[in-house]
>>> print(open('start.cif').read())   # mmCIF, C-alpha atoms; chains and numbers go by the auth columns
data_upload
#
loop_
_atom_site.group_PDB
_atom_site.id
_atom_site.type_symbol
_atom_site.label_atom_id
_atom_site.label_comp_id
_atom_site.label_asym_id
_atom_site.label_seq_id
_atom_site.Cartn_x
_atom_site.Cartn_y
_atom_site.Cartn_z
_atom_site.B_iso_or_equiv
_atom_site.auth_seq_id
_atom_site.auth_asym_id
ATOM 1 C CA TYR A 1 79.533 106.263 98.142 0.00 128 A
ATOM 2 C CA GLN A 2 81.566 109.403 98.514 0.00 129 A
ATOM 3 C CA ARG A 3 84.601 109.792 100.706 0.00 130 A
ATOM 4 C CA VAL A 4 87.215 112.307 101.705 0.00 131 A
ATOM 5 C CA ARG A 5 90.600 112.029 100.019 0.00 132 A
ATOM 6 C CA ILE A 6 93.152 110.593 102.473 0.00 133 A
ATOM 7 C CA GLU A 7 96.491 109.169 101.393 0.00 134 A
ATOM 8 C CA LYS A 8 97.886 106.084 103.119 0.00 135 A
ATOM 9 C CA SER A 9 100.856 107.985 104.532 0.00 136 A
ATOM 10 C CA MET A 10 98.474 110.510 106.082 0.00 137 A
ATOM 11 C CA PHE A 11 96.767 107.753 108.072 0.00 138 A
ATOM 12 C CA PHE A 12 100.063 106.944 109.772 0.00 139 A
ATOM 13 C CA LYS A 13 100.563 110.604 110.671 0.00 140 A
ATOM 14 C CA LEU A 14 96.984 111.001 111.902 0.00 141 A
ATOM 15 C CA ARG A 15 97.353 107.886 114.026 0.00 142 A
ATOM 16 C CA ASP A 16 99.576 109.801 116.465 0.00 143 A
ATOM 17 C CA THR A 17 96.630 111.513 118.154 0.00 144 A
ATOM 18 C CA GLU A 18 98.712 112.655 121.132 0.00 145 A
ATOM 19 C CA ARG A 19 101.085 114.753 118.995 0.00 146 A
ATOM 20 C CA ILE A 20 98.579 115.793 116.321 0.00 147 A
ATOM 21 C CA SER A 21 95.573 117.626 117.702 0.00 148 A
ATOM 22 C CA ILE A 22 92.124 117.431 116.153 0.00 149 A
ATOM 23 C CA ALA A 23 92.577 120.954 114.791 0.00 150 A
ATOM 24 C CA LYS A 24 95.883 120.027 113.141 0.00 151 A
ATOM 25 C CA ALA A 25 94.374 116.828 111.724 0.00 152 A
ATOM 26 C CA ALA A 26 91.520 118.910 110.299 0.00 153 A
ATOM 27 C CA GLU A 27 94.020 121.311 108.734 0.00 154 A
ATOM 28 C CA MET A 28 95.943 118.403 107.143 0.00 155 A
ATOM 29 C CA LEU A 29 92.752 116.921 105.723 0.00 156 A
ATOM 30 C CA ALA A 30 91.546 120.306 104.492 0.00 157 A
ATOM 31 C CA LEU A 31 94.810 120.910 102.637 0.00 158 A
ATOM 32 C CA ARG A 32 94.593 117.513 100.910 0.00 159 A
ATOM 33 C CA ASN A 33 90.921 117.970 100.049 0.00 160 A
ATOM 34 C CA ASP A 34 91.142 121.410 98.521 0.00 161 A
ATOM 35 C CA LYS A 35 88.715 121.775 95.598 0.00 162 A
ATOM 36 C CA LYS A 36 91.516 122.271 93.104 0.00 163 A
ATOM 37 C CA GLU A 37 94.578 120.099 92.724 0.00 164 A
ATOM 38 C CA ASP A 38 98.006 121.016 91.442 0.00 165 A
ATOM 39 C CA ASP A 39 97.387 119.161 88.172 0.00 166 A
ATOM 40 C CA GLY A 40 96.189 122.123 86.149 0.00 167 A
ATOM 41 C CA GLY A 41 93.404 123.133 88.509 0.00 168 A
ATOM 42 C CA ALA A 42 91.064 120.256 87.662 0.00 169 A
ATOM 43 C CA ASP A 43 88.322 119.520 90.143 0.00 170 A
ATOM 44 C CA LEU A 44 88.945 116.469 92.360 0.00 171 A
ATOM 45 C CA ASN A 45 86.038 114.623 90.742 0.00 172 A
ATOM 46 C CA GLU A 46 87.193 115.279 87.196 0.00 173 A
ATOM 47 C CA ARG A 47 89.785 112.649 86.411 0.00 174 A
ATOM 48 C CA PRO A 48 90.811 112.065 82.811 0.00 175 A
ATOM 49 C CA GLY A 49 89.450 108.793 81.508 0.00 176 A
ATOM 50 C CA SER A 50 87.187 108.235 84.499 0.00 177 A
ATOM 51 C CA VAL A 51 83.947 108.168 82.484 0.00 178 A
ATOM 52 C CA ALA A 52 82.968 107.977 78.846 0.00 179 A
ATOM 53 C CA GLN A 53 82.585 111.210 76.979 0.00 180 A
ATOM 54 C CA GLY A 54 79.070 112.597 76.927 0.00 181 A
ATOM 55 C CA LYS A 55 78.064 110.887 80.157 0.00 182 A
ATOM 56 C CA GLU A 56 77.484 112.594 83.454 0.00 183 A
ATOM 57 C CA LYS A 57 80.568 112.453 85.656 0.00 184 A
ATOM 58 C CA PRO A 58 80.190 110.540 88.924 0.00 185 A
ATOM 59 C CA VAL A 59 81.176 112.261 92.140 0.00 186 A
ATOM 60 C CA TYR A 60 83.789 110.216 93.977 0.00 187 A
ATOM 61 C CA TYR A 61 84.983 112.610 96.653 0.00 188 A
ATOM 62 C CA MET A 62 82.946 114.633 99.063 0.00 189 A
ATOM 63 C CA PRO A 63 84.024 118.067 100.238 0.00 190 A
ATOM 64 C CA PHE A 64 85.784 118.122 103.593 0.00 191 A
ATOM 65 C CA GLN A 65 83.936 120.130 106.241 0.00 192 A
ATOM 66 C CA LYS A 66 86.679 121.266 108.612 0.00 193 A
ATOM 67 C CA GLU A 67 84.409 122.823 111.248 0.00 194 A
ATOM 68 C CA ASP A 68 82.059 119.829 111.330 0.00 195 A
ATOM 69 C CA PHE A 69 85.023 117.470 111.642 0.00 196 A
ATOM 70 C CA CYS A 70 86.482 119.406 114.598 0.00 197 A
ATOM 71 C CA ARG A 71 83.116 119.674 116.354 0.00 198 A
ATOM 72 C CA THR A 72 82.207 116.003 115.897 0.00 199 A
ATOM 73 C CA ALA A 73 85.658 114.640 116.752 0.00 200 A
ATOM 74 C CA SER A 74 85.864 116.762 119.909 0.00 201 A
ATOM 75 C CA ALA A 75 82.322 116.017 121.096 0.00 202 A
ATOM 76 C CA SER A 76 82.400 112.263 120.453 0.00 203 A
ATOM 77 C CA GLY A 77 85.874 111.589 121.797 0.00 204 A
ATOM 78 C CA GLN A 78 86.241 108.830 119.212 0.00 205 A
ATOM 79 C CA TRP A 79 89.211 110.311 117.328 0.00 206 A
ATOM 80 C CA THR A 80 91.667 107.709 118.611 0.00 207 A
ATOM 81 C CA PRO A 81 94.469 105.646 117.046 0.00 208 A
ATOM 82 C CA ASP A 82 92.062 102.687 116.893 0.00 209 A
ATOM 83 C CA PHE A 83 89.517 104.748 114.955 0.00 210 A
ATOM 84 C CA VAL A 84 92.177 105.934 112.494 0.00 211 A
ATOM 85 C CA ASP A 85 93.300 102.312 112.028 0.00 212 A
ATOM 86 C CA SER A 86 89.703 101.249 111.331 0.00 213 A
ATOM 87 C CA LEU A 87 89.310 104.072 108.852 0.00 214 A
ATOM 88 C CA MET A 88 92.539 103.071 107.102 0.00 215 A
ATOM 89 C CA LEU A 89 91.335 99.450 106.834 0.00 216 A
ATOM 90 C CA PHE A 90 88.042 100.641 105.360 0.00 217 A
ATOM 91 C CA TYR A 91 89.863 102.693 102.708 0.00 218 A
ATOM 92 C CA GLN A 92 92.182 99.766 101.894 0.00 219 A
ATOM 93 C CA TYR A 93 89.220 97.396 101.611 0.00 220 A
ATOM 94 C CA ASN A 94 87.478 99.781 99.226 0.00 221 A
ATOM 95 C CA GLU A 95 90.567 99.994 97.000 0.00 222 A
ATOM 96 C CA MET A 96 90.885 96.196 96.959 0.00 223 A
ATOM 97 C CA VAL A 97 87.233 95.789 95.955 0.00 224 A
ATOM 98 C CA ILE A 98 87.747 98.204 93.074 0.00 225 A
ATOM 99 C CA GLN A 99 90.863 96.332 91.934 0.00 226 A
ATOM 100 C CA TYR A 100 89.083 92.982 92.230 0.00 227 A
ATOM 101 C CA LYS A 101 86.216 94.210 90.080 0.00 228 A
ATOM 102 C CA ARG A 102 88.638 95.485 87.462 0.00 229 A
ATOM 103 C CA ILE A 103 90.579 92.222 87.368 0.00 230 A
ATOM 104 C CA THR A 104 87.526 89.980 87.202 0.00 231 A
ATOM 105 C CA GLY A 105 85.581 92.247 84.867 0.00 232 A
ATOM 106 C CA ARG A 106 82.762 92.589 87.352 0.00 233 A
ATOM 107 C CA ALA A 107 82.930 96.383 87.374 0.00 234 A
ATOM 108 C CA LYS A 108 81.106 96.461 84.034 0.00 235 A
ATOM 109 C CA ASP A 109 78.602 93.845 85.215 0.00 236 A
ATOM 110 C CA CYS A 110 77.789 95.920 88.299 0.00 237 A
ATOM 111 C CA LYS A 111 77.412 99.064 86.227 0.00 238 A
ATOM 112 C CA GLN A 112 75.092 97.298 83.774 0.00 239 A
ATOM 113 C CA LYS A 113 72.955 95.978 86.647 0.00 240 A
ATOM 114 C CA GLN A 114 72.710 99.472 88.147 0.00 241 A
ATOM 115 C CA GLU A 115 71.657 100.933 84.788 0.00 242 A
ATOM 116 C CA ALA A 116 69.052 98.171 84.379 0.00 243 A
ATOM 117 C CA ASN A 117 67.667 98.847 87.876 0.00 244 A
ATOM 118 C CA HIS A 118 67.440 102.571 87.137 0.00 245 A
ATOM 119 C CA ALA A 119 65.603 101.804 83.882 0.00 246 A
ATOM 120 C CA LYS A 120 63.084 99.631 85.760 0.00 247 A
ATOM 121 C CA HIS A 121 62.337 102.368 88.289 0.00 248 A
ATOM 122 C CA ASP A 122 61.954 105.137 85.698 0.00 249 A
#
>>> encode(input="start.cif", output="C-alpha coordinates")
Amino acid sequence: YQRVRIEKSMFFKLRDTERISIAKAAEMLALRNDKKEDDGGADLNERPGSVAQGKEKPVYYMPFQKEDFCRTASASGQWTPDFVDSLMLFYQYNEMVIQYKRITGRAKDCKQKQEANHAKHD
(Lines of atoms letter the chains of each structure in order from A and count residues from 1; the text may use other names and numbers.)
(Lines give C-alpha, C1' and ligand atoms only; values in the text may rest on other atoms or scores of the structure.)
Protein backbone atom coordinates (compact mmCIF):
# COMPACT_ATOMS: atom_id res chain seq x y z
CA TYR A 1 0.00 0.00 0.00
CA GLN A 2 1.00 3.60 -0.44
CA ARG A 3 1.34 6.12 2.33
CA VAL A 4 2.26 9.72 2.94
CA ARG A 5 5.76 10.40 4.23
CA ILE A 6 5.61 11.34 7.93
CA GLU A 7 8.65 11.30 10.20
CA LYS A 8 8.32 10.11 13.79
CA SER A 9 9.17 13.53 15.21
CA MET A 10 6.40 15.06 13.12
CA PHE A 11 3.82 12.82 14.79
CA PHE A 12 4.72 14.32 18.17
CA LYS A 13 4.31 17.83 16.78
CA LEU A 14 1.02 16.99 15.06
CA ARG A 15 -0.28 15.45 18.27
CA ASP A 16 -0.69 18.93 19.78
CA THR A 17 -3.93 19.61 17.90
CA GLU A 18 -4.82 22.61 20.07
CA ARG A 19 -1.69 24.57 19.11
CA ILE A 20 -1.34 23.25 15.55
CA SER A 21 -4.39 23.88 13.40
CA ILE A 22 -5.49 21.56 10.62
CA ALA A 23 -4.22 24.09 8.07
CA LYS A 24 -0.79 24.22 9.71
CA ALA A 25 -0.66 20.42 9.94
CA ALA A 26 -1.50 20.26 6.23
CA GLU A 27 1.28 22.74 5.47
CA MET A 28 3.79 20.67 7.49
CA LEU A 29 2.79 17.48 5.69
CA ALA A 30 2.87 19.19 2.30
CA LEU A 31 6.40 20.46 2.90
CA ARG A 32 7.62 16.97 3.86
CA ASN A 33 5.85 15.34 0.92
CA ASP A 34 7.08 17.63 -1.81
CA LYS A 35 7.68 15.71 -5.05
CA LYS A 36 11.39 16.44 -5.00
CA GLU A 37 13.73 15.95 -2.08
CA ASP A 38 16.93 17.76 -1.26
CA ASP A 39 19.02 14.74 -2.29
CA GLY A 40 19.71 15.82 -5.85
CA GLY A 41 16.08 16.26 -6.85
CA ALA A 42 15.23 12.55 -7.00
CA ASP A 43 11.57 11.65 -6.88
CA LEU A 44 10.36 10.32 -3.51
CA ASN A 45 9.71 6.89 -5.03
CA GLU A 46 13.13 6.60 -6.63
CA ARG A 47 15.47 5.37 -3.94
CA PRO A 48 18.86 4.00 -4.91
CA GLY A 49 19.01 0.25 -4.49
CA SER A 50 15.28 -0.10 -3.91
CA VAL A 51 14.67 -2.39 -6.89
CA ALA A 52 16.76 -4.37 -9.32
CA GLN A 53 17.86 -2.65 -12.47
CA GLY A 54 15.57 -3.15 -15.43
CA LYS A 55 12.50 -3.76 -13.28
CA GLU A 56 9.61 -1.40 -12.87
CA LYS A 57 9.98 0.72 -9.76
CA PRO A 58 7.30 0.25 -7.09
CA VAL A 59 5.50 3.30 -5.79
CA TYR A 60 5.87 3.54 -2.03
CA TYR A 61 4.59 7.03 -1.29
CA MET A 62 1.40 8.65 -2.42
CA PRO A 63 1.17 12.35 -3.17
CA PHE A 64 -0.20 14.47 -0.35
CA GLN A 65 -3.45 16.24 -1.22
CA LYS A 66 -3.45 19.31 1.02
CA GLU A 67 -6.96 20.53 0.15
CA ASP A 68 -8.51 17.08 0.56
CA PHE A 69 -6.76 16.65 3.91
CA CYS A 70 -8.06 19.99 5.22
CA ARG A 71 -11.60 19.34 3.99
CA THR A 72 -11.79 15.79 5.37
CA ALA A 73 -10.14 16.59 8.71
CA SER A 74 -12.42 19.59 9.27
CA ALA A 75 -15.63 17.83 8.23
CA SER A 76 -15.03 14.60 10.15
CA GLY A 77 -13.75 16.15 13.36
CA GLN A 78 -11.51 13.11 13.83
CA TRP A 79 -8.16 14.95 13.72
CA THR A 80 -7.47 14.46 17.42
CA PRO A 81 -4.41 13.48 19.49
CA ASP A 82 -5.83 9.94 19.71
CA PHE A 83 -6.08 9.71 15.92
CA VAL A 84 -2.50 10.94 15.49
CA ASP A 85 -1.34 8.36 18.06
CA SER A 86 -3.16 5.60 16.16
CA LEU A 87 -1.60 6.75 12.92
CA MET A 88 1.86 6.76 14.51
CA LEU A 89 1.33 3.19 15.79
CA PHE A 90 0.25 2.09 12.32
CA TYR A 91 3.41 3.57 10.77
CA GLN A 92 5.60 1.96 13.46
CA TYR A 93 3.91 -1.41 12.93
CA ASN A 94 4.52 -1.19 9.19
CA GLU A 95 8.22 -0.45 9.72
CA MET A 96 8.53 -3.38 12.14
CA VAL A 97 6.89 -5.75 9.65
CA ILE A 98 9.36 -4.67 6.98
CA GLN A 99 12.30 -5.19 9.35
CA TYR A 100 10.96 -8.58 10.42
CA LYS A 101 10.68 -9.72 6.82
CA ARG A 102 14.22 -8.58 6.11
CA ILE A 103 15.62 -10.36 9.16
CA THR A 104 13.78 -13.62 8.57
CA GLY A 105 14.22 -13.56 4.80
CA ARG A 106 10.49 -13.63 4.24
CA ALA A 107 10.52 -10.49 2.11
CA LYS A 108 11.83 -12.52 -0.83
CA ASP A 109 9.34 -15.33 -0.14
CA CYS A 110 6.45 -12.86 -0.21
CA LYS A 111 7.71 -11.28 -3.41
CA GLN A 112 8.06 -14.69 -5.07
CA LYS A 113 4.51 -15.64 -4.03
CA GLN A 114 3.16 -12.37 -5.44
CA GLU A 115 4.98 -12.94 -8.74
CA ALA A 116 3.62 -16.51 -8.89
CA ASN A 117 0.06 -15.27 -8.24
CA HIS A 118 0.41 -12.66 -10.98
CA ALA A 119 1.66 -15.35 -13.38
CA LYS A 120 -1.37 -17.53 -12.59
CA HIS A 121 -3.81 -14.71 -13.31
CA ASP A 122 -2.16 -13.64 -16.57
>>> atom_distance(input="start.cif", atom1="CA of Arg130 (chain A)", atom2="CA of Ala152 (chain A)")
16.3 Å
>>> resolve_selection(input="start.cif", expression="the PyMOL selection byres ((chain A and resi 135) around 12)", output="tab-separated table (two decimals) with C-alpha atoms, in the frame of the given file")
chain	number	residue	atom	x	y	z
A	132	ARG	CA	90.60	112.03	100.02
A	133	ILE	CA	93.15	110.59	102.47
A	134	GLU	CA	96.49	109.17	101.39
A	136	SER	CA	100.86	107.98	104.53
A	137	MET	CA	98.47	110.51	106.08
A	138	PHE	CA	96.77	107.75	108.07
A	139	PHE	CA	100.06	106.94	109.77
A	140	LYS	CA	100.56	110.60	110.67
A	141	LEU	CA	96.98	111.00	111.90
A	142	ARG	CA	97.35	107.89	114.03
A	211	VAL	CA	92.18	105.93	112.49
A	212	ASP	CA	93.30	102.31	112.03
A	214	LEU	CA	89.31	104.07	108.85
A	215	MET	CA	92.54	103.07	107.10
A	216	LEU	CA	91.34	99.45	106.83
A	217	PHE	CA	88.04	100.64	105.36
A	218	TYR	CA	89.86	102.69	102.71
A	219	GLN	CA	92.18	99.77	101.89
A	222	GLU	CA	90.57	99.99	97.00
>>> resolve_selection(input="start.cif", expression="the PyMOL selection byres ((chain A and resi 194-203) around 7)", output="PyMOL selection string")
chain A and resi 149-150+153+192-193+204-206
>>> atom_distance(input="start.cif", atom1="CA of Met155 (chain A)", atom2="CA of Tyr188 (chain A)")
16.2 Å
>>> atom_distance(input="start.cif", atom1="CA of Met189 (chain A)", atom2="CA of Phe210 (chain A)")
19.8 Å
>>> closest_residue(input="start.cif", among="A:Thr207, A:Asn221, A:Gln226, A:Ser148", to="Gln129 (chain A)", atoms="all atoms listed in the file")
A:Asn221
